[in-house]
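Report on the following structure.
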Amino acid sequence: MITVYFVRNGSKIRVEVPENTTLMEAAKFHSQVPIPEIPATCGGSCACCTCHVHIGDQWLDKLGKLDYNKPEGHLIEYEKNFVEGKSRLSCQIELKPEHDGLIVHLLNNELL
């Protein structure tokens with residue numbers, strides 16, 4: 001199992017998921033606490049950006065950089081809360097053992 005921490009207003013929401021679960025799936029289907037900041041309107045097909053999150057600084061190297069030549073890069077750079085180097089679409093992050101303990105900062109995507 002991989003533990004992920006979603007941070008909302010300074011409070012951490014702990015979620016445990018099996019390996020190969022996407023970060024979006026962790027928020028939508030595995031959390032015991034509702035996470036409305038990740039509505040994932042497109043269901044994880046990288047078409048809507050409603051699963052936009054910011055990655056904690058200490059995890060940026062383990063996740064790799066955003067590839068601007070892929071759909072995620074084309075979509076996310078136009079988002080209101082885009083921060084170069086930190087912004088990612090949670091539907092595009094597949095969780096592996098090296099991501100155990102990952103810290104993700106939630107944005108208010110439901111209101112964007």
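Note on naming: chains are A, B, ... as they come in the structure tokens, residues start from 1 per chain, ligands start from 1 in the order shown.
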Note to self: What parts of chain A does DSSP call helix (DSSP H, G or I)? I'd like the answer as number ranges by chain.
What the structure shows: A: 23-30, 57-63, 71-76, 90-92, 97-99, 109-111
Any chance you could export the current selection's C-alpha atoms as an mmCIF file, in the first residue's frame?
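Generated output (out.cif):
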```
data_model
loop_
_atom_site.group_PDB
_atom_site.id
_atom_site.type_symbol
_atom_site.label_atom_id
_atom_site.label_comp_id
_atom_site.auth_asym_id
_atom_site.auth_seq_id
_atom_site.Cartn_x
_atom_site.Cartn_y
_atom_site.Cartn_z
ATOM 1 C CA LEU A 23 -3.531 10.168 -7.596
ATOM 2 C CA MET A 24 -6.973 11.182 -8.924
ATOM 3 C CA GLU A 25 -8.367 7.721 -8.136
ATOM 4 C CA ALA A 26 -6.883 7.944 -4.648
ATOM 5 C CA ALA A 27 -8.826 11.158 -4.050
ATOM 6 C CA LYS A 28 -12.107 10.073 -5.646
ATOM 7 C CA PHE A 29 -12.422 6.420 -4.741
ATOM 8 C CA HIS A 30 -10.128 5.587 -1.826
ATOM 9 C CA ASP A 57 8.475 20.606 -2.947
ATOM 10 C CA GLN A 58 10.229 17.566 -1.517
ATOM 11 C CA TRP A 59 8.407 15.294 -4.009
ATOM 12 C CA LEU A 60 9.082 17.116 -7.261
ATOM 13 C CA ASP A 61 12.203 15.099 -8.127
ATOM 14 C CA LYS A 62 10.493 11.746 -7.469
ATOM 15 C CA LEU A 63 7.559 12.551 -9.761
ATOM 16 C CA PRO A 71 -1.541 16.487 -23.295
ATOM 17 C CA GLU A 72 -1.076 17.234 -19.587
ATOM 18 C CA GLY A 73 1.472 19.935 -20.396
ATOM 19 C CA HIS A 74 -0.699 21.453 -23.107
ATOM 20 C CA LEU A 75 -3.723 21.706 -20.804
ATOM 21 C CA ILE A 76 -2.377 22.656 -17.413
ATOM 22 C CA SER A 90 -3.580 14.060 -10.557
ATOM 23 C CA CYS A 91 -5.061 11.755 -13.224
ATOM 24 C CA GLN A 92 -1.626 11.566 -14.846
ATOM 25 C CA PRO A 97 6.416 2.566 -4.129
ATOM 26 C CA GLU A 98 8.794 5.534 -4.396
ATOM 27 C CA HIS A 99 5.770 7.839 -3.962
ATOM 28 C CA ASN A 109 -10.854 23.267 -8.479
ATOM 29 C CA GLU A 110 -14.561 22.809 -7.921
ATOM 30 C CA LEU A 111 -15.080 26.558 -8.049
#
```
Checklist line | Nearby residues (only C-alpha atoms) at most 9 Å from Val4 of chain A, same-chain spacing under 3 positions excluded, as a ChimeraX atom specification | finding: /A:13-17,23,26,99-104
Keeping only C-alpha atoms, write the selected residues as a PDB file, in the first residue's frame.
```pdb
ATOM      1  CA  ILE A  13      -5.959  13.874   4.688  1.00  0.00           C
ATOM      2  CA  ARG A  14      -4.248  10.471   4.727  1.00  0.00           C
ATOM      3  CA  VAL A  15      -5.222   8.020   1.971  1.00  0.00           C
ATOM      4  CA  GLU A  16      -3.832   4.519   1.429  1.00  0.00           C
ATOM      5  CA  VAL A  17      -4.006   2.970  -2.026  1.00  0.00           C
ATOM      6  CA  LEU A  23      -3.531  10.168  -7.596  1.00  0.00           C
ATOM      7  CA  ALA A  26      -6.883   7.944  -4.648  1.00  0.00           C
ATOM      8  CA  HIS A  99       5.770   7.839  -3.962  1.00  0.00           C
ATOM      9  CA  ASP A 100       4.910   6.466  -0.513  1.00  0.00           C
ATOM     10  CA  GLY A 101       4.308   9.487   1.727  1.00  0.00           C
ATOM     11  CA  LEU A 102       3.593  11.847  -1.203  1.00  0.00           C
ATOM     12  CA  ILE A 103       2.272  15.277  -0.175  1.00  0.00           C
ATOM     13  CA  VAL A 104      -0.205  16.943  -2.513  1.00  0.00           C
TER      14      VAL A 104
END
```
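Residues within 12 Å of Glu77 of chain A, counting only C-alpha atoms and excluding same-chain residues fewer than 4 positions away, are Cys49, His52, Leu66, Asp67, Tyr68, Asn69, Lys70, Pro71, Glu72, Gly73, Asn81, Phe82, Val83, Glu84, Gly85, Lys86, Ser87, Arg88 and Leu89 of chain A.
You can rank A:Val7, A:Glu94, A:Glu79, A:Asn108 by their closest distance to Ile55 of chain A using only C-alpha atoms, and at the top of that list sits A:Val7.
The gap separating atom CA of Ser11 of chain A from atom CA of Leu95 of chain A is 21.5 Å, in Å to one decimal.
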Please identify which residues in segment 2-104 of chain A DSSP calls strand (DSSP E or B) from the backbone, and express them as a PDB file with C-alpha atoms, in the first residue's frame.
```pdb
ATOM      1  CA  ILE A   2       1.064   3.553  -0.728  1.00  0.00           C
ATOM      2  CA  THR A   3       0.177   6.425   1.588  1.00  0.00           C
ATOM      3  CA  VAL A   4      -0.637   9.816   0.094  1.00  0.00           C
ATOM      4  CA  TYR A   5      -1.378  13.004   2.030  1.00  0.00           C
ATOM      5  CA  PHE A   6      -3.763  15.531   0.510  1.00  0.00           C
ATOM      6  CA  VAL A   7      -3.303  18.922   2.183  1.00  0.00           C
ATOM      7  CA  ARG A   8      -6.308  21.210   2.574  1.00  0.00           C
ATOM      8  CA  SER A  11      -4.692  19.851   7.387  1.00  0.00           C
ATOM      9  CA  LYS A  12      -3.562  16.505   5.988  1.00  0.00           C
ATOM     10  CA  ILE A  13      -5.959  13.874   4.688  1.00  0.00           C
ATOM     11  CA  ARG A  14      -4.248  10.471   4.727  1.00  0.00           C
ATOM     12  CA  VAL A  15      -5.222   8.020   1.971  1.00  0.00           C
ATOM     13  CA  GLU A  16      -3.832   4.519   1.429  1.00  0.00           C
ATOM     14  CA  VAL A  17      -4.006   2.970  -2.026  1.00  0.00           C
ATOM     15  CA  THR A  22      -3.601   7.244  -9.966  1.00  0.00           C
ATOM     16  CA  HIS A  52      -5.174  20.021 -10.884  1.00  0.00           C
ATOM     17  CA  VAL A  53      -3.002  19.851  -7.739  1.00  0.00           C
ATOM     18  CA  HIS A  54       0.291  21.272  -6.506  1.00  0.00           C
ATOM     19  CA  ILE A  55       3.005  18.793  -5.544  1.00  0.00           C
ATOM     20  CA  SER A  87       1.294  21.986 -10.970  1.00  0.00           C
ATOM     21  CA  ARG A  88       0.237  18.539 -12.137  1.00  0.00           C
ATOM     22  CA  LEU A  89      -2.942  16.756 -13.127  1.00  0.00           C
ATOM     23  CA  GLU A  94       0.415   6.732 -11.281  1.00  0.00           C
ATOM     24  CA  LEU A 102       3.593  11.847  -1.203  1.00  0.00           C
ATOM     25  CA  ILE A 103       2.272  15.277  -0.175  1.00  0.00           C
ATOM     26  CA  VAL A 104      -0.205  16.943  -2.513  1.00  0.00           C
TER      27      VAL A 104
END
```
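Computed from the coordinates, the atom CA of Ser45 of chain A to atom CA of Gly10 of chain A distance equals 29.1 Å.
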